[in-house]
Amino acid sequence: MPISSSLMADDAIRQTIQQLPQGFWDFAAANTKEWTHGYHSYPAMMIPQVARNLIAIIQQHQPGIHTLLDPFMGSGTSLVEGILAGIHAAGSDLNPLSRLITLAKTTAWDPQLLQWHTEKLLDYVNRVQVSEADWPDFDNVEFWFKPVVIADLTRLKQGIERVIPETSRPFFWVAFSNTVRWVSNSRNQEFKLYRLDKDHLTQWNPDVLATFRRVVERNQIGNARLWERQPLPSVELYAHNAMDLSVLPAETFDLMLTSPPYGDSHTTVAYGQFSRLSLQWLNLADAADGPAPHKLDQAMLGGKSSKELQHALPSPTLTTALNKITDQDKRRAREVLSFYQDLDTTLQEIARVMRPGSYQCWVVGNRTVKKVQLLTDRIITELSERYGVIPVVSFTRVIPNKRMPKENSPTNQIGDKVATMNGEQIFILRKQ
């Protein structure tokens, strides 16, 4: 793409965003579960309307957008919005549950055939009997599930394996996985694994089959809408860490749209813990193409702490923050540095697979460590410069209806509070 046309597109994108009304990106009243976006819960999901509008703005001013990449695809929000916009999409994630959810959300099945399979499955489950010998064999299964729940889940799993054709199973496995989450003994409103307390556990009697039926019926609505949009562009899914995209050829993609982790999974969002029970039930715990569930968080960005505090990352913003954290806690500073070193490797890989003139859309959360705010949006922008990627525009999105409090107390001392993450930074970069 000629430099002059790129600069004109940059100006047009910047102007379009700056002219939007205040609060445009909040989407406080938006239905975030439309299409197939409501198939399965997942940590830190991107708001579909954010992805949709970013794609639309880029397409408006750069119509030659044919391929989209999300190297941290999570539940597949970017990919769903990409194919709805007529763009061939590719995504990668180490988490097998992420890939299963995304596969289901980007696939359209014949609604009548899906309904027929559902009726056959439920008929089978209502007739079949199972014993403890049929139960899954993974550690602490009876700690996380009551015996009657284990039996019903076993019947469901057996039915999917015996009644549903392999080509249609992803739809039902996703419904099964979400059911696993809601009927377990975990506090399912949280992403980390915590067991219900004794009082709540005594009163906890979930109806497995009713939950599964409810999830399937909800997901069938999304599938029917997607079916009506056929033919859909192609989707490619990869089981790779974003630090290594070597399976992808250089200069392949026109647009990248992603929301990376806030920080290492150990101290922020524990994707591995969130996925563990589902992966064990789905026999994905020992997948050959990725780490075991209990090691998933360690394999992600910042999973292994840096041994040194010295670094050569060209980000003044990061250096200033690290110095402040180091003064208080060297171990935490090394953990923070490790995350950004891994993120820098990812930025280099992303820049390699993007075409000249291509755009990168980032949606990030700026976390706070030891009362020091880590401005990840600025850090990514500064680190990307040496890979030939320059800033176009940046702005803040208010996060409405947040689950977490607006303040917390990191030191557990009365009155010692800091603001939690109440906004997301959205910014667009372009590869020269």
# chains A, B, ... in the order shown; residues from 1 in each chain; ligands from 1
call {"tool": "residues_around", "arguments": {"residues": "Phe27 (chain A)", "least_positions_apart": "6", "cutoff": "9 Å", "atoms": "only C-alpha atoms", "output": "compact mmCIF listing (two decimals) with C-alpha atoms, in the first residue's frame"}}
result
# COMPACT_ATOMS: atom_id res chain seq x y z
CA ILE A 47 -17.68 -7.05 23.95
CA GLN A 49 -20.06 -4.54 19.66
CA VAL A 50 -16.51 -3.25 20.26
CA ILE A 399 -16.60 -0.73 31.49
CA PRO A 400 -20.24 -0.63 32.63
call {"tool": "closest_residue", "arguments": {"among": "A:His117, A:Arg214, A:Arg195, A:Arg225", "to": "Glu161 (chain A)", "atoms": "only C-alpha atoms"}}
result
A:His117
call {"tool": "residues_around", "arguments": {"residues": "Gly23 (chain A)", "least_positions_apart": "4", "cutoff": "10 Å", "atoms": "only C-alpha atoms", "output": "ChimeraX atom specification"}}
result
/A:27-28,396-398
call {"tool": "residues_around", "arguments": {"residues": "region 303-320 of chain A", "least_positions_apart": "6", "cutoff": "6 Å", "atoms": "only C-alpha atoms", "output": "CSV table (one decimal) with N, CA and C atoms, in the first residue's frame"}}
result
chain,number,residue,atom,x,y,z
A,264,ASP,N,0.1,-11.9,33.8
A,264,ASP,CA,0.3,-13.3,33.9
A,264,ASP,C,-1.0,-13.9,34.6
A,334,ARG,N,9.9,-8.7,38.9
A,334,ARG,CA,10.4,-9.8,38.0
A,334,ARG,C,9.2,-10.4,37.3
A,335,GLU,N,8.1,-10.6,38.0
A,335,GLU,CA,6.9,-11.2,37.4
A,335,GLU,C,6.3,-10.3,36.4
A,338,SER,N,8.6,-10.3,33.3
A,338,SER,CA,8.4,-11.5,32.5
A,338,SER,C,7.3,-11.5,31.6
A,379,ILE,N,2.8,0.9,26.6
A,379,ILE,CA,3.9,0.0,26.5
A,379,ILE,C,3.9,-0.8,25.2
A,382,GLU,N,4.9,1.6,22.4
A,382,GLU,CA,6.4,1.9,22.4
A,382,GLU,C,7.2,0.7,21.9
A,383,LEU,N,6.8,-0.5,22.4
A,383,LEU,CA,7.6,-1.7,22.0
A,383,LEU,C,7.4,-2.0,20.5
call {"tool": "closest_residue", "arguments": {"among": "A:Lys370, A:Tyr238, A:Ser177, A:Arg52", "to": "Arg332 (chain A)", "atoms": "only C-alpha atoms"}}
result
A:Lys370
call {"tool": "residues_around", "arguments": {"residues": "Leu121 (chain A)", "least_positions_apart": "5", "cutoff": "7 Å", "atoms": "only C-alpha atoms", "output": "list in words"}}
result
Gly159, Ile160 and Val163 of chain A
call {"tool": "write_last_selection", "arguments": {"atoms": "N, CA and C atoms", "output": "PDB file, in the first residue's frame"}}
result
ATOM      1  N   GLY A 159     -24.000 -40.188  25.817  1.00  0.00           N
ATOM      2  CA  GLY A 159     -24.967 -39.971  24.750  1.00  0.00           C
ATOM      3  C   GLY A 159     -24.385 -39.188  23.588  1.00  0.00           C
ATOM      4  N   ILE A 160     -23.622 -38.149  23.878  1.00  0.00           N
ATOM      5  CA  ILE A 160     -23.005 -37.354  22.807  1.00  0.00           C
ATOM      6  C   ILE A 160     -22.061 -38.226  21.987  1.00  0.00           C
ATOM      7  N   VAL A 163     -24.559 -41.033  20.125  1.00  0.00           N
ATOM      8  CA  VAL A 163     -25.726 -40.656  19.328  1.00  0.00           C
ATOM      9  C   VAL A 163     -25.412 -39.570  18.309  1.00  0.00           C
TER      10      VAL A 163
END
call {"tool": "select_by_dssp", "arguments": {"residues": "region 193-421 of chain A", "states": "helix (DSSP H, G or I)", "output": "NGL selection string"}}
result
:A and (198-202 or 208-228 or 271-281 or 293-299 or 316-328 or 330-353 or 376-387)
call {"tool": "atom_distance", "arguments": {"atom1": "CA of Thr167 (chain A)", "atom2": "CA of Thr67 (chain A)"}}
result
25.4 Å
call {"tool": "closest_residue", "arguments": {"among": "A:Gln373, A:Ser278, A:Thr16, A:Ser384", "to": "Ser41 (chain A)", "atoms": "only C-alpha atoms"}}
result
A:Ser278
call {"tool": "closest_residue", "arguments": {"among": "A:Ser92, A:Gln280, A:Ser358, A:Ser168", "to": "Phe253 (chain A)", "atoms": "only C-alpha atoms"}}
result
A:Ser358
call {"tool": "select_by_dssp", "arguments": {"residues": "region 6-98 of chain A", "states": "strand (DSSP E or B)", "output": "VMD selection string"}}
result
chain A and resid 67 to 70 88 to 92
call {"tool": "write_last_selection", "arguments": {"atoms": "N, CA and C atoms", "output": "CSV table (one decimal), in the first residue's frame"}}
result
chain,number,residue,atom,x,y,z
A,67,THR,N,-8.4,-10.6,5.4
A,67,THR,CA,-8.0,-11.6,6.4
A,67,THR,C,-7.8,-11.0,7.7
A,68,LEU,N,-8.3,-11.7,8.8
A,68,LEU,CA,-8.2,-11.2,10.1
A,68,LEU,C,-7.5,-12.2,11.0
A,69,LEU,N,-6.8,-11.7,12.0
A,69,LEU,CA,-6.1,-12.6,12.9
A,69,LEU,C,-6.4,-12.1,14.4
A,70,ASP,N,-6.6,-13.1,15.2
A,70,ASP,CA,-6.7,-12.9,16.7
A,70,ASP,C,-5.7,-13.9,17.3
A,88,HIS,N,-12.2,-13.5,6.0
A,88,HIS,CA,-11.6,-14.8,6.4
A,88,HIS,C,-10.8,-14.6,7.7
A,89,ALA,N,-11.0,-15.5,8.7
A,89,ALA,CA,-10.5,-15.3,10.0
A,89,ALA,C,-9.6,-16.5,10.4
A,90,ALA,N,-8.6,-16.1,11.2
A,90,ALA,CA,-7.7,-17.1,11.8
A,90,ALA,C,-7.5,-16.7,13.3
A,91,GLY,N,-7.4,-17.7,14.2
A,91,GLY,CA,-7.2,-17.4,15.6
A,91,GLY,C,-6.3,-18.5,16.2
A,92,SER,N,-5.6,-18.2,17.3
A,92,SER,CA,-4.8,-19.1,17.9
A,92,SER,C,-4.9,-19.0,19.4
call {"tool": "residues_around", "arguments": {"residues": "region 359-365 of chain A", "least_positions_apart": "4", "cutoff": "6 Å", "atoms": "only C-alpha atoms", "output": "JSON, numbers by chain"}}
result
{"A": [255, 256, 257, 258, 259, 262, 424, 425, 426, 427, 428, 429, 430]}
call {"tool": "closest_residue", "arguments": {"among": "A:Thr346, A:Asn188, A:Asn126, A:Thr202", "to": "Arg155 (chain A)", "atoms": "only C-alpha atoms"}}
result
A:Asn126
call {"tool": "closest_residue", "arguments": {"among": "A:Gln220, A:Thr376, A:Gln112, A:Thr107", "to": "Ser234 (chain A)", "atoms": "only C-alpha atoms"}}
result
A:Thr107
call {"tool": "atom_distance", "arguments": {"atom1": "CA of Tyr39 (chain A)", "atom2": "CA of Leu301 (chain A)"}}
result
26.2 Å
call {"tool": "residues_around", "arguments": {"residues": "Glu132 (chain A)", "least_positions_apart": "5", "cutoff": "12 Å", "atoms": "only C-alpha atoms", "output": "list in words"}}
result
Asp137, Val141, Glu142, Pro147, Val148, Val149, Ile150, Ala151, Asp152, Leu153, Thr154 and Arg155 of chain A
call {"tool": "atom_distance", "arguments": {"atom1": "CA of Pro63 (chain A)", "atom2": "CA of Leu103 (chain A)"}}
result
26.7 Å
call {"tool": "decode", "arguments": {"residues": "region 144-157 of chain A", "atoms": "N, CA and C atoms", "output": "compact mmCIF listing (two decimals), in the first residue's frame"}}
result
# COMPACT_ATOMS: atom_id res chain seq x y z
N TRP A 144 -15.42 -31.94 43.36
CA TRP A 144 -15.98 -30.86 42.55
C TRP A 144 -17.40 -31.14 42.06
N PHE A 145 -17.86 -32.39 42.19
CA PHE A 145 -19.21 -32.72 41.72
C PHE A 145 -19.87 -33.71 42.68
N LYS A 146 -21.17 -33.53 42.93
CA LYS A 146 -21.92 -34.47 43.73
C LYS A 146 -22.15 -35.76 42.93
N PRO A 147 -22.28 -36.90 43.60
CA PRO A 147 -22.44 -38.17 42.89
C PRO A 147 -23.57 -38.19 41.87
N VAL A 148 -24.74 -37.65 42.21
CA VAL A 148 -25.85 -37.65 41.26
C VAL A 148 -25.52 -36.79 40.05
N VAL A 149 -24.76 -35.72 40.24
CA VAL A 149 -24.34 -34.86 39.13
C VAL A 149 -23.33 -35.61 38.24
N ILE A 150 -22.42 -36.33 38.86
CA ILE A 150 -21.45 -37.11 38.08
C ILE A 150 -22.17 -38.13 37.22
N ALA A 151 -23.15 -38.78 37.78
CA ALA A 151 -23.90 -39.79 37.03
C ALA A 151 -24.62 -39.18 35.84
N ASP A 152 -25.28 -38.04 36.05
CA ASP A 152 -26.01 -37.40 34.95
C ASP A 152 -25.07 -36.87 33.88
N LEU A 153 -23.95 -36.29 34.28
CA LEU A 153 -22.97 -35.83 33.30
C LEU A 153 -22.38 -37.00 32.52
N THR A 154 -22.17 -38.11 33.19
CA THR A 154 -21.66 -39.30 32.51
C THR A 154 -22.65 -39.80 31.47
N ARG A 155 -23.94 -39.79 31.81
CA ARG A 155 -24.96 -40.18 30.84
C ARG A 155 -24.97 -39.25 29.64
N LEU A 156 -24.85 -37.96 29.89
CA LEU A 156 -24.83 -36.98 28.80
C LEU A 156 -23.62 -37.18 27.89
N LYS A 157 -22.47 -37.34 28.52
CA LYS A 157 -21.25 -37.52 27.74
C LYS A 157 -21.34 -38.78 26.89
